[in-house]
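See structure below.
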Amino acid sequence: VDGKGTMLTTSACLLSLNRNGVVSKEALCRYFKETMGISQVHFLDHGHLAGDHTDSHIDTLARLAPDDTILYVKSYDAADEHTQELNLMEEELKALRTADGNPYNLIALPLPDPIFDEDGERLPATYANFLITPRTVLLPVYGQPNNDRLAEQMLKVAFPTRDVLTVDCRALIRQHGSLHCATMQIPSSLFNRIV
């Protein structure tokens, strides 16, 4: 959510039968409005990462940021299995409008080079799985200097008033998650004291 009444999510996640049964988009939007004050829900119909067992959680693909900005994952390798779906997601993002009717500022994060587990399964490495704290943004990195540095620069553009710190997440990605996934149940009061 952007703190101004807009939510960004994926259809694959929220409309998955194993998550919400046969609940419609309309019913979900009404629920979000009644319980969280959400006035606008953007559903992305494209985008998926190999090895992702979350039904395409939004935090692996695209994230809202200050000043009507969306950071999203982009593949620059035409041969990568993700390129077509991520390009379609990018086109969806270009069509989205803020509550004021303006296009979003879009910042493309590179897709990390493939990382595989010991069985040869591709792991869902992504720079979009960053963690925002009151003063800092923690960025997952994967020991890929060029991609890691580019993602760090993009986050500094999107979050100019926060420090951007990198966290090596090669061990976390082996569990099919990353930084945001691993920290989402930690109380915010703890982070207020640490970061």
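Residues are named by chain letter and number: chains run A, B, ... in the order of the structure tokens, numbers start at 1 in each chain, and ligands are numbered from 1 in the order shown.
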Tell me which protein, DNA and RNA residues are within 6 Å of stretch 5-15 of chain A, counting only C-alpha atoms, leaving out same-chain ones fewer than 6 positions away, and put them as a list in words.
Ile38, Ser39, Gln40, Val41, His42, Phe43, Leu44, Asp45, Asp55, Ser56, His57 and Ile58 of chain A
Same residues, N, CA and C atoms, output as a PDB file, in the first residue's frame:
```
ATOM      1  N   ILE A  38      -8.844   1.221   1.848  1.00  0.00           N
ATOM      2  CA  ILE A  38      -8.251   1.194   0.504  1.00  0.00           C
ATOM      3  C   ILE A  38      -9.302   1.644  -0.507  1.00  0.00           C
ATOM      4  N   SER A  39      -8.976   2.657  -1.289  1.00  0.00           N
ATOM      5  CA  SER A  39      -9.916   3.163  -2.285  1.00  0.00           C
ATOM      6  C   SER A  39      -9.605   2.699  -3.699  1.00  0.00           C
ATOM      7  N   GLN A  40      -8.377   2.207  -3.924  1.00  0.00           N
ATOM      8  CA  GLN A  40      -7.969   1.792  -5.260  1.00  0.00           C
ATOM      9  C   GLN A  40      -7.048   0.571  -5.140  1.00  0.00           C
ATOM     10  N   VAL A  41      -7.399  -0.504  -5.863  1.00  0.00           N
ATOM     11  CA  VAL A  41      -6.566  -1.700  -5.873  1.00  0.00           C
ATOM     12  C   VAL A  41      -6.094  -1.942  -7.297  1.00  0.00           C
ATOM     13  N   HIS A  42      -4.765  -2.010  -7.462  1.00  0.00           N
ATOM     14  CA  HIS A  42      -4.172  -2.343  -8.753  1.00  0.00           C
ATOM     15  C   HIS A  42      -3.791  -3.822  -8.727  1.00  0.00           C
ATOM     16  N   PHE A  43      -4.445  -4.622  -9.571  1.00  0.00           N
ATOM     17  CA  PHE A  43      -4.131  -6.043  -9.710  1.00  0.00           C
ATOM     18  C   PHE A  43      -3.226  -6.222 -10.930  1.00  0.00           C
ATOM     19  N   LEU A  44      -2.066  -6.825 -10.731  1.00  0.00           N
ATOM     20  CA  LEU A  44      -1.206  -7.179 -11.857  1.00  0.00           C
ATOM     21  C   LEU A  44      -1.532  -8.612 -12.275  1.00  0.00           C
ATOM     22  N   ASP A  45      -1.748  -8.810 -13.571  1.00  0.00           N
ATOM     23  CA  ASP A  45      -2.090 -10.132 -14.084  1.00  0.00           C
ATOM     24  C   ASP A  45      -0.872 -10.880 -14.623  1.00  0.00           C
ATOM     25  N   ASP A  55       2.555 -18.016  -5.004  1.00  0.00           N
ATOM     26  CA  ASP A  55       1.531 -17.560  -5.948  1.00  0.00           C
ATOM     27  C   ASP A  55       1.782 -16.117  -6.378  1.00  0.00           C
ATOM     28  N   SER A  56       3.038 -15.757  -6.542  1.00  0.00           N
ATOM     29  CA  SER A  56       3.438 -14.426  -7.024  1.00  0.00           C
ATOM     30  C   SER A  56       3.109 -13.304  -6.051  1.00  0.00           C
ATOM     31  N   HIS A  57       3.581 -13.422  -4.825  1.00  0.00           N
ATOM     32  CA  HIS A  57       3.453 -12.290  -3.897  1.00  0.00           C
ATOM     33  C   HIS A  57       4.006 -11.037  -4.558  1.00  0.00           C
ATOM     34  N   ILE A  58       3.338  -9.925  -4.353  1.00  0.00           N
ATOM     35  CA  ILE A  58       3.751  -8.672  -4.971  1.00  0.00           C
ATOM     36  C   ILE A  58       5.159  -8.259  -4.551  1.00  0.00           C
TER      37      ILE A  58
END
```
Can you list, as a list in words, every protein, DNA or RNA residue that comes within 7 Å of A:Ala128 when you count only C-alpha atoms, leaving out same-chain residues fewer than 5 positions away?
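My list of contacting residues is Asp59, Thr60, Leu61, Ala62, Arg63, Tyr72 and Val73 of chain A.
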Please return as an mmCIF file with N, CA, C and O atoms, in the first residue's frame: the residues of stretch 71-146 of chain A that backbone DSSP assigns to helix (DSSP H, G or I).
```cif
data_model
loop_
_atom_site.group_PDB
_atom_site.id
_atom_site.type_symbol
_atom_site.label_atom_id
_atom_site.label_comp_id
_atom_site.auth_asym_id
_atom_site.auth_seq_id
_atom_site.Cartn_x
_atom_site.Cartn_y
_atom_site.Cartn_z
ATOM 1 N N THR A 83 11.517 -13.161 -19.058
ATOM 2 C CA THR A 83 11.476 -11.906 -19.812
ATOM 3 C C THR A 83 10.094 -11.571 -20.345
ATOM 4 O O THR A 83 9.608 -10.452 -20.161
ATOM 5 N N GLN A 84 9.421 -12.496 -20.976
ATOM 6 C CA GLN A 84 8.115 -12.197 -21.565
ATOM 7 C C GLN A 84 7.100 -11.778 -20.499
ATOM 8 O O GLN A 84 6.420 -10.762 -20.644
ATOM 9 N N GLU A 85 6.992 -12.542 -19.421
ATOM 10 C CA GLU A 85 6.029 -12.210 -18.360
ATOM 11 C C GLU A 85 6.367 -10.872 -17.693
ATOM 12 O O GLU A 85 5.473 -10.084 -17.384
ATOM 13 N N LEU A 86 7.650 -10.633 -17.461
ATOM 14 C CA LEU A 86 8.035 -9.361 -16.831
ATOM 15 C C LEU A 86 7.809 -8.186 -17.771
ATOM 16 O O LEU A 86 7.448 -7.088 -17.317
ATOM 17 N N ASN A 87 7.991 -8.378 -19.076
ATOM 18 C CA ASN A 87 7.677 -7.312 -20.031
ATOM 19 C C ASN A 87 6.179 -7.006 -20.035
ATOM 20 O O ASN A 87 5.771 -5.841 -20.109
ATOM 21 N N LEU A 88 5.356 -8.053 -19.962
ATOM 22 C CA LEU A 88 3.902 -7.842 -19.899
ATOM 23 C C LEU A 88 3.521 -7.123 -18.602
ATOM 24 O O LEU A 88 2.652 -6.245 -18.606
ATOM 25 N N MET A 89 4.185 -7.468 -17.505
ATOM 26 C CA MET A 89 3.937 -6.775 -16.239
ATOM 27 C C MET A 89 4.334 -5.303 -16.363
ATOM 28 O O MET A 89 3.611 -4.410 -15.892
ATOM 29 N N GLU A 90 5.449 -5.039 -16.999
ATOM 30 C CA GLU A 90 5.897 -3.651 -17.185
ATOM 31 C C GLU A 90 4.846 -2.844 -17.954
ATOM 32 O O GLU A 90 4.570 -1.692 -17.614
ATOM 33 N N GLU A 91 4.260 -3.440 -18.991
ATOM 34 C CA GLU A 91 3.209 -2.748 -19.744
ATOM 35 C C GLU A 91 1.995 -2.465 -18.858
ATOM 36 O O GLU A 91 1.385 -1.394 -18.957
ATOM 37 N N GLU A 92 1.646 -3.401 -17.976
ATOM 38 C CA GLU A 92 0.545 -3.166 -17.035
ATOM 39 C C GLU A 92 0.871 -1.986 -16.113
ATOM 40 O O GLU A 92 0.020 -1.137 -15.845
ATOM 41 N N LEU A 93 2.109 -1.955 -15.620
ATOM 42 C CA LEU A 93 2.518 -0.876 -14.715
ATOM 43 C C LEU A 93 2.461 0.476 -15.413
ATOM 44 O O LEU A 93 2.057 1.476 -14.815
ATOM 45 N N LYS A 94 2.843 0.522 -16.678
ATOM 46 C CA LYS A 94 2.792 1.777 -17.439
ATOM 47 C C LYS A 94 1.358 2.293 -17.570
ATOM 48 O O LYS A 94 1.134 3.500 -17.671
ATOM 49 N N ALA A 95 0.390 1.398 -17.579
ATOM 50 C CA ALA A 95 -1.015 1.787 -17.741
ATOM 51 C C ALA A 95 -1.672 2.221 -16.432
ATOM 52 O O ALA A 95 -2.737 2.841 -16.445
ATOM 53 N N PRO A 145 28.095 -8.433 -8.239
ATOM 54 C CA PRO A 145 28.486 -7.027 -8.097
ATOM 55 C C PRO A 145 27.767 -6.043 -9.017
ATOM 56 O O PRO A 145 27.292 -5.001 -8.559
ATOM 57 N N ASN A 146 27.664 -6.349 -10.301
ATOM 58 C CA ASN A 146 27.029 -5.397 -11.224
ATOM 59 C C ASN A 146 25.541 -5.234 -10.929
ATOM 60 O O ASN A 146 25.033 -4.114 -10.826
#
```
Please report the interatomic distance between atom CA of A:Thr69 and atom CA of A:Leu49 in Å with one decimal.
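These atoms are spaced 21.8 Å apart.
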Selection: 10 Å around A:Pro112, only C-alpha atoms, excl. self and same-chain fewer than 3 positions, as a list in words:
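What passes the distance filter is Val73, Lys74, Ser75, Leu109, Ile115, Pro124, Ala125, Thr126, Tyr127, Val141, Tyr142, Gly143, Gln144, Asn146, Asn147, Asp148 and Ala151 of chain A.
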Same residues, N, CA and C atoms, output as a tab-separated table (two decimals), in the first residue's frame:
```tsv
chain	number	residue	atom	x	y	z
A	73	VAL	N	10.66	-5.45	-11.09
A	73	VAL	CA	11.70	-6.33	-11.62
A	73	VAL	C	11.61	-6.37	-13.14
A	74	LYS	N	12.77	-6.22	-13.77
A	74	LYS	CA	12.85	-6.28	-15.24
A	74	LYS	C	14.00	-7.19	-15.65
A	75	SER	N	13.73	-8.01	-16.65
A	75	SER	CA	14.78	-8.86	-17.22
A	75	SER	C	15.30	-8.21	-18.49
A	109	LEU	N	14.21	-2.47	-11.56
A	109	LEU	CA	15.29	-3.16	-10.85
A	109	LEU	C	15.74	-4.34	-11.72
A	115	ILE	N	20.11	-18.13	-9.92
A	115	ILE	CA	20.70	-18.84	-8.79
A	115	ILE	C	19.92	-20.14	-8.65
A	124	PRO	N	13.96	-17.97	-6.49
A	124	PRO	CA	13.28	-16.72	-6.84
A	124	PRO	C	14.01	-15.47	-6.35
A	125	ALA	N	15.27	-15.32	-6.73
A	125	ALA	CA	16.04	-14.14	-6.33
A	125	ALA	C	15.45	-12.89	-6.95
A	126	THR	N	15.30	-11.84	-6.14
A	126	THR	CA	14.73	-10.58	-6.61
A	126	THR	C	15.20	-9.45	-5.71
A	127	TYR	N	15.43	-8.30	-6.32
A	127	TYR	CA	15.78	-7.11	-5.54
A	127	TYR	C	14.53	-6.39	-5.02
A	141	VAL	N	20.96	-8.62	-1.51
A	141	VAL	CA	21.93	-8.76	-2.60
A	141	VAL	C	22.38	-10.21	-2.68
A	142	TYR	N	22.97	-10.57	-3.82
A	142	TYR	CA	23.22	-11.98	-4.10
A	142	TYR	C	24.64	-12.27	-4.58
A	143	GLY	N	25.61	-11.43	-4.21
A	143	GLY	CA	26.98	-11.68	-4.63
A	143	GLY	C	27.18	-11.49	-6.12
A	144	GLN	N	26.40	-10.61	-6.73
A	144	GLN	CA	26.49	-10.28	-8.16
A	144	GLN	C	26.82	-8.80	-8.27
A	146	ASN	N	27.66	-6.35	-10.30
A	146	ASN	CA	27.03	-5.40	-11.22
A	146	ASN	C	25.54	-5.23	-10.93
A	147	ASN	N	24.83	-6.35	-10.81
A	147	ASN	CA	23.39	-6.29	-10.52
A	147	ASN	C	23.14	-5.70	-9.13
A	148	ASP	N	23.91	-6.13	-8.14
A	148	ASP	CA	23.74	-5.63	-6.77
A	148	ASP	C	23.92	-4.11	-6.73
A	151	ALA	N	20.97	-2.26	-8.50
A	151	ALA	CA	19.78	-2.26	-7.66
A	151	ALA	C	19.94	-1.26	-6.50
```
Which is closer to A:Leu106 than all the others in A:Pro134, A:Gly21, A:Gly120, A:Pro66, using only C-alpha atoms?
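Smallest separation from A:Leu106 among the options: A:Pro66.
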